[in-house]
Each structure stands twice: as C-alpha cells, then as structure tokens.
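*Asks:* Sharing a structure here in structure tokens format.
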Amino acid sequence: MSREEILRQQLKAEQAETARELAELLRLGQEMGRRLCNETHGDMYDEVRMLISLLHQTRAQADLIDAKLNSADPVADLLARRQQN
C-alpha cells in the first residue's frame with residue numbers, strides 16, 4: 001500500500017469519526033433545545049421554537065453525512081435513526 005493510499009484511508013477515517021461525533025453533538029443539542037422549550041414560556045418561546053427548528057434541520061443534515069461516511073447501507077441507517085426519535 002502506498003503512502004498516498006494510507007494517508008487517504010486515514011483522512012477518510014478521521015472524516016467518519018468527525019461526522020459521527022458531530023451527529024451525536026447535534027443530537028444532544030437538540031435534546032437540550034427541547035428541554036429549554038418545555039421550560040420556556042412567554043416572550044422567549046418563539047425564539048426557542050426557531051432554535052429547535054434549526055437544530056432539527058442541522059441534525060438531519062449531519063445524520064445524512066454520518067450515514068454516508070459510516071454506513072454500508074446509508075438509507076437503512078437513516079430510516080432506523082428517524083424511527084428511534
């Protein structure tokens with residue numbers, strides 16, 4: 001195996017790890033946003049709902065990237081993730 005191939009594999013492994021960690025971080029952020037939403041009333045409610053919406057969209061994209069980098073069957077993996085939530 002050439003040095004270039006080794007470096008390419010290392011980069012791919014780092015990308016996969018970063019994507020996995022980012023998806024997990026966004027999952028935690030989304031959960032914290034839900035908790036904040038449940039605790040927020042009055043003037044801040046609309047801003048918190050907007051945050052929840054943005055976190056949901058961001059997490060969906062992060063899950064897609066993670067599945068493409070870390071799954072043999074990205075479609076099945078995404079469907080399974082969505083059924084868990």
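How things are named: the first chain in the structure tokens is A, the next is B, and so on; residues count from 1 in each chain; ligands count from 1 in the order shown.
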Residues within 10 Å of Thr58 of chain A, please, as number ranges by chain. Count only C-alpha atoms; anything in the same chain fewer than 6 positions from it doesn't count.

*Replies:* A: 23, 26-27, 30, 52, 64

*Asks:* Quick one: everything within 12 Å of segment 71-76 of chain A, counting only C-alpha atoms, minus sequence neighbours fewer than 6 positions away in the same chain. Send it as a list in words.

*Replies:*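 Close residues of segment 71-76 of chain A: Ala16, Ala19, Arg20, Asp63, Leu64, Ile65, Arg82 and Gln83 of chain A.
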
*Asks:* Point out the residue among A:Gly33, A:Gln57, A:Asp77, A:Leu69 with the least atom-to-atom distance to Ala13 of chain A, counting only C-alpha atoms.

*Replies:*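 The shortest atom-to-atom distance to Ala13 of chain A comes from A:Leu69.
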
*Asks:* How far is it from atom CA of Glu47 of chain A to atom CA of Asp66 of chain A, in Å with one decimal?

*Replies:*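 Atom-to-atom, atom CA of Glu47 of chain A to atom CA of Asp66 of chain A, that is 28.2 Å.
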
*Asks:* Atom CA of Leu22 of chain A and atom CA of Ala62 of chain A are how many Å apart?

*Replies:*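 The value is 6.8 Å.
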
*Asks:* Nearest residue to Gln15 of chain A out of A:Leu78, A:Arg35, A:Gln84, A:Lys68, using only C-alpha atoms?

*Replies:*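 Counting only C-alpha atoms, the residue closest to Gln15 of chain A is A:Lys68.
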
*Asks:* With distances taken over only C-alpha atoms, which residue among A:Cys37, A:Tyr45, A:Ala67, A:Thr18 lies nearest Leu79 of chain A?

*Replies:* A:Ala67

*Asks:* Atom CA of Leu25 of chain A and atom CA of Leu7 of chain A, how far apart in Å?

*Replies:*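 Between atom CA of Leu7 of chain A and atom CA of Leu25 of chain A the gap is 26.6 Å.
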
*Asks:* Just checking: using only C-alpha atoms, which residue out of A:Glu24, A:Met50, A:Arg59, A:Arg3 ends up closest to Leu36 of chain A?

*Replies:*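 Of all the options, A:Met50 lies closest to Leu36 of chain A.
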